[in-house]
Amino acid sequence: GSSSTNNKKSKSPPGSTRPCKDSKDDWKSRRRGQKPDIFSPSWYYTEPKAVEMILSEDSKSTCTHVFSDLSKSGPFQTNPSTITRFTCKALYARKFHALRRVYCGGEAAFIRSMSRCYGWNATGGKSGSTFSRTRCDRYIIKYVNKSEFKMLIDLAGPYFKFMAKACFRALPTVLSKILGCYQVSWKRANGDHMKTLYAIVMPNVFYATPVTHIFDLKGSVRNRYVKTKPGETDRVLLDENFLEYTRGFPIPIEEKTKDEMRHAIRNDSKFLCDMEVVDYSVLVGLNESTRVMAIGIIDYVRQYTWERRIETGVKSMGMITGKASPTVISPENYKVRFQLATERYFMMAPVQTSRAGLKNLSTASKQRNSHKGDA
């Protein structure tokens, strides 16, 4: 097939940090008229300040790659009408490249993982989205509709600035990072449009943590129960299943972990509320044998549109008959409910090094010393 690449780069602001200098091998290859290796470390932004500036700057960049698949009708003949032309647009290519530099270690490992994917049937969700998964299980590709993709592009600017704070300002967050947005389309050479897909790439929350139970929690108990078959362990369960699993008791976690989780949930939910995003959830994975938990906030690409306002009003009428509040409510109310639910689902388990314990020990020590002085 034939291929061509068209890059549309925005102008960098004055004073922006440049990539590091080319290595000797790249310099020699340029003198010979050859292109340097794109996987070379010299092509990465090595200084953290440079990556932070790229994520924080107000710029857009789109990389478009076009290639053709030549279907042959004979041994050495090509039928022009059967030629399929593929177009892949990588939106915000420069910013996502910088973000992958932080979370993926660069493009080489990311491309190797993305080159081998398979269709994945994710259970438990109600959005009807289709998914793919890399063979190494490190990344998830979610195919969204056009409206959700447009919402994500509109939120890209604040998203990258939020990620810059998380990466370089120690802002706690448990958002499942979006590492790339792609629009893939293909059509015949005669102009017949075949299909267009909108894909986003995210890390697998449970890549480094094997889990035995997975829960998708929104903080609502209305229609949030999944019936499982005996022996079915890979199904994603919902809020009511979580309460049934814990018998209504919160899961105890260490004080430091609980404190970090609380701050991260508050930061993320406030950011999503400011962007008028609703219907997000926290994906929780539990391993009973190792007693390890992994979490990540997912599905934060749905804004509170007029359609959802109408849905909220109609479903709220059921509260008159004693039903629970609808799953989708206003962004502010959704944020409050989400925060309160995570507080109910997880509690701090005091240990010997907890703050309360140290305070009590200090008070007891002072009392003992005072009694010795009196003696």
# chains A, B, ... in the order shown; residues from 1 in each chain; ligands from 1

call {"tool": "select_by_dssp", "arguments": {"residues": "segment 100-168 of chain A", "states": "helix (DSSP H, G or I)", "output": "number ranges by chain"}}
result
A: 100-103, 107-114, 146-154, 156-168

call {"tool": "residues_around", "arguments": {"residues": "Glu276 of chain A", "least_positions_apart": "2", "cutoff": "8 Å", "atoms": "only C-alpha atoms", "output": "list in words"}}
result
Leu272, Cys273, Asp274, Val278, Gln303, Tyr304 and Pro331 of chain A

call {"tool": "write_last_selection", "arguments": {"atoms": "N, CA and C atoms", "output": "short mmCIF file (atom, residue, chain, number, x, y, z; two decimals), in the first residue's frame"}}
result
data_model
loop_
_atom_site.label_atom_id
_atom_site.label_comp_id
_atom_site.auth_asym_id
_atom_site.auth_seq_id
_atom_site.Cartn_x
_atom_site.Cartn_y
_atom_site.Cartn_z
N LEU A 272 -14.52 17.37 37.58
CA LEU A 272 -15.58 16.90 36.69
C LEU A 272 -16.85 17.72 36.87
N CYS A 273 -17.12 18.15 38.09
CA CYS A 273 -18.29 19.01 38.33
C CYS A 273 -18.13 20.35 37.63
N ASP A 274 -16.93 20.93 37.70
CA ASP A 274 -16.69 22.21 37.01
C ASP A 274 -16.86 22.07 35.50
N VAL A 278 -21.16 14.21 34.27
CA VAL A 278 -21.92 13.34 35.17
C VAL A 278 -21.78 11.89 34.70
N GLN A 303 -21.41 14.85 29.48
CA GLN A 303 -21.78 16.10 30.12
C GLN A 303 -23.28 16.13 30.40
N TYR A 304 -23.66 17.06 31.25
CA TYR A 304 -25.06 17.21 31.67
C TYR A 304 -25.79 18.04 30.62
N PRO A 331 -24.66 18.04 38.05
CA PRO A 331 -23.24 17.83 38.36
C PRO A 331 -22.90 18.08 39.83
#

call {"tool": "residues_around", "arguments": {"residues": "segment 142-159 of chain A", "least_positions_apart": "2", "cutoff": "6 Å", "atoms": "only C-alpha atoms", "output": "PDB file with N, CA and C atoms, in the first residue's frame"}}
result
ATOM      1  N   THR A 130     -18.208  -0.554  22.616  1.00  0.00           N
ATOM      2  CA  THR A 130     -17.356  -1.698  22.312  1.00  0.00           C
ATOM      3  C   THR A 130     -15.926  -1.380  22.728  1.00  0.00           C
ATOM      4  N   PHE A 131     -15.173  -2.434  23.006  1.00  0.00           N
ATOM      5  CA  PHE A 131     -13.824  -2.259  23.541  1.00  0.00           C
ATOM      6  C   PHE A 131     -12.847  -3.174  22.807  1.00  0.00           C
ATOM      7  N   LYS A 161      -4.477  20.532  31.569  1.00  0.00           N
ATOM      8  CA  LYS A 161      -3.996  21.379  32.659  1.00  0.00           C
ATOM      9  C   LYS A 161      -4.154  20.666  34.008  1.00  0.00           C
ATOM     10  N   PHE A 162      -5.242  19.929  34.158  1.00  0.00           N
ATOM     11  CA  PHE A 162      -5.443  19.149  35.380  1.00  0.00           C
ATOM     12  C   PHE A 162      -4.385  18.056  35.491  1.00  0.00           C
ATOM     13  N   TYR A 198     -14.491   6.308  16.459  1.00  0.00           N
ATOM     14  CA  TYR A 198     -13.898   7.280  17.383  1.00  0.00           C
ATOM     15  C   TYR A 198     -13.390   6.487  18.588  1.00  0.00           C
ATOM     16  N   ALA A 199     -12.089   6.539  18.808  1.00  0.00           N
ATOM     17  CA  ALA A 199     -11.463   5.690  19.822  1.00  0.00           C
ATOM     18  C   ALA A 199     -10.663   6.523  20.806  1.00  0.00           C
ATOM     19  N   ILE A 200     -10.701   6.120  22.062  1.00  0.00           N
ATOM     20  CA  ILE A 200      -9.858   6.705  23.101  1.00  0.00           C
ATOM     21  C   ILE A 200      -9.097   5.563  23.765  1.00  0.00           C
ATOM     22  N   VAL A 301     -16.864  11.114  30.185  1.00  0.00           N
ATOM     23  CA  VAL A 301     -16.977  11.794  28.896  1.00  0.00           C
ATOM     24  C   VAL A 301     -18.423  12.205  28.605  1.00  0.00           C
TER      25      VAL A 301
END

call {"tool": "residues_around", "arguments": {"residues": "Tyr118 of chain A", "least_positions_apart": "3", "cutoff": "8 Å", "atoms": "only C-alpha atoms", "output": "list in words"}}
result
Ser132, Arg133, Thr134 and Arg135 of chain A

call {"tool": "write_last_selection", "arguments": {"atoms": "C-alpha atoms", "output": "tab-separated table (two decimals), in the first residue's frame"}}
result
chain	number	residue	atom	x	y	z
A	132	SER	CA	-10.47	-3.62	22.45
A	133	ARG	CA	-7.58	-4.67	24.62
A	134	THR	CA	-3.87	-4.92	23.99
A	135	ARG	CA	-2.29	-8.37	24.15

call {"tool": "closest_residue", "arguments": {"among": "A:Lys187, A:Lys227, A:Lys95, A:Arg100", "to": "Phe160 of chain A", "atoms": "only C-alpha atoms"}}
result
A:Lys95

call {"tool": "closest_residue", "arguments": {"among": "A:His213, A:Lys165, A:Arg224, A:Arg101", "to": "Glu240 of chain A", "atoms": "only C-alpha atoms"}}
result
A:Arg224

call {"tool": "closest_residue", "arguments": {"among": "A:Cys136, A:Leu243, A:Ala164, A:Cys181", "to": "Ser113 of chain A", "atoms": "only C-alpha atoms"}}
result
A:Cys136

call {"tool": "closest_residue", "arguments": {"among": "A:Val336, A:Val282, A:Ile298, A:Ala341", "to": "Ser176 of chain A", "atoms": "only C-alpha atoms"}}
result
A:Ile298

call {"tool": "decode", "arguments": {"residues": "segment 143-156 of chain A", "atoms": "all heavy atoms", "output": "compact mmCIF listing (two decimals), in the first residue's frame"}}
result
# COMPACT_ATOMS: atom_id res chain seq x y z
N TYR A 143 -14.39 2.52 22.12
CA TYR A 143 -14.97 3.17 20.95
C TYR A 143 -16.24 3.90 21.39
O TYR A 143 -17.19 3.27 21.87
CB TYR A 143 -15.28 2.14 19.86
CG TYR A 143 -14.06 1.36 19.44
CD1 TYR A 143 -13.78 0.10 19.99
CD2 TYR A 143 -13.16 1.87 18.52
CE1 TYR A 143 -12.66 -0.62 19.61
CE2 TYR A 143 -12.03 1.16 18.14
CZ TYR A 143 -11.79 -0.08 18.70
OH TYR A 143 -10.67 -0.78 18.34
N VAL A 144 -16.24 5.21 21.25
CA VAL A 144 -17.35 6.04 21.70
C VAL A 144 -18.10 6.59 20.49
O VAL A 144 -17.62 6.52 19.35
CB VAL A 144 -16.83 7.21 22.58
CG1 VAL A 144 -16.15 6.66 23.82
CG2 VAL A 144 -15.87 8.10 21.80
N ASN A 145 -19.28 7.16 20.74
CA ASN A 145 -20.04 7.76 19.64
C ASN A 145 -19.51 9.17 19.36
O ASN A 145 -18.67 9.71 20.08
CB ASN A 145 -21.54 7.79 19.97
CG ASN A 145 -21.83 8.51 21.28
OD1 ASN A 145 -21.32 9.58 21.55
ND2 ASN A 145 -22.68 7.88 22.11
N LYS A 146 -20.03 9.75 18.31
CA LYS A 146 -19.51 11.05 17.84
C LYS A 146 -19.75 12.15 18.86
O LYS A 146 -18.88 13.01 19.08
CB LYS A 146 -20.16 11.41 16.50
CG LYS A 146 -19.56 12.63 15.84
CD LYS A 146 -20.18 12.87 14.48
CE LYS A 146 -19.56 14.09 13.79
NZ LYS A 146 -20.16 14.30 12.44
N SER A 147 -20.90 12.15 19.52
CA SER A 147 -21.20 13.21 20.49
C SER A 147 -20.28 13.12 21.70
O SER A 147 -19.79 14.15 22.19
CB SER A 147 -22.67 13.11 20.93
OG SER A 147 -22.93 11.86 21.54
N GLU A 148 -20.03 11.91 22.20
CA GLU A 148 -19.11 11.76 23.33
C GLU A 148 -17.70 12.16 22.94
O GLU A 148 -16.97 12.76 23.74
CB GLU A 148 -19.14 10.32 23.84
CG GLU A 148 -20.43 9.93 24.54
CD GLU A 148 -20.41 8.51 25.03
OE1 GLU A 148 -19.57 7.73 24.55
OE2 GLU A 148 -21.24 8.16 25.90
N PHE A 149 -17.30 11.83 21.72
CA PHE A 149 -15.97 12.20 21.24
C PHE A 149 -15.83 13.72 21.16
O PHE A 149 -14.80 14.27 21.53
CB PHE A 149 -15.73 11.56 19.88
CG PHE A 149 -14.30 11.64 19.41
CD1 PHE A 149 -13.35 10.78 19.92
CD2 PHE A 149 -13.92 12.57 18.45
CE1 PHE A 149 -12.03 10.85 19.49
CE2 PHE A 149 -12.62 12.65 18.02
CZ PHE A 149 -11.66 11.78 18.54
N LYS A 150 -16.87 14.38 20.69
CA LYS A 150 -16.84 15.84 20.61
C LYS A 150 -16.77 16.47 22.00
O LYS A 150 -16.05 17.45 22.21
CB LYS A 150 -18.07 16.36 19.86
CG LYS A 150 -18.06 17.86 19.60
CD LYS A 150 -19.29 18.30 18.84
CE LYS A 150 -19.25 19.79 18.55
NZ LYS A 150 -19.15 20.59 19.79
N MET A 151 -17.52 15.91 22.95
CA MET A 151 -17.45 16.41 24.33
C MET A 151 -16.05 16.27 24.89
O MET A 151 -15.53 17.16 25.56
CB MET A 151 -18.45 15.65 25.21
CG MET A 151 -19.90 15.95 24.94
SD MET A 151 -20.99 15.02 26.03
CE MET A 151 -22.59 15.46 25.35
N LEU A 152 -15.41 15.14 24.59
CA LEU A 152 -14.06 14.92 25.09
C LEU A 152 -13.08 15.92 24.50
O LEU A 152 -12.20 16.43 25.20
CB LEU A 152 -13.62 13.49 24.76
CG LEU A 152 -12.23 13.08 25.22
CD1 LEU A 152 -12.11 13.19 26.73
CD2 LEU A 152 -11.91 11.67 24.77
N ILE A 153 -13.23 16.23 23.22
CA ILE A 153 -12.35 17.21 22.59
C ILE A 153 -12.58 18.59 23.19
O ILE A 153 -11.63 19.37 23.41
CB ILE A 153 -12.58 17.23 21.07
CG1 ILE A 153 -12.23 15.86 20.46
CG2 ILE A 153 -11.75 18.31 20.40
CD1 ILE A 153 -10.83 15.39 20.76
N ASP A 154 -13.83 18.92 23.50
CA ASP A 154 -14.12 20.22 24.11
C ASP A 154 -13.52 20.33 25.51
O ASP A 154 -13.18 21.44 25.96
CB ASP A 154 -15.64 20.45 24.17
CG ASP A 154 -16.26 20.56 22.79
OD1 ASP A 154 -15.53 20.88 21.83
OD2 ASP A 154 -17.48 20.32 22.66
N LEU A 155 -13.39 19.21 26.21
CA LEU A 155 -12.84 19.22 27.57
C LEU A 155 -11.34 19.00 27.59
O LEU A 155 -10.74 18.93 28.68
CB LEU A 155 -13.52 18.13 28.41
CG LEU A 155 -15.03 18.24 28.59
CD1 LEU A 155 -15.56 17.01 29.34
CD2 LEU A 155 -15.40 19.51 29.32
N ALA A 156 -10.72 18.88 26.43
CA ALA A 156 -9.30 18.52 26.37
C ALA A 156 -8.41 19.56 27.04
O ALA A 156 -7.47 19.21 27.76
CB ALA A 156 -8.87 18.30 24.92
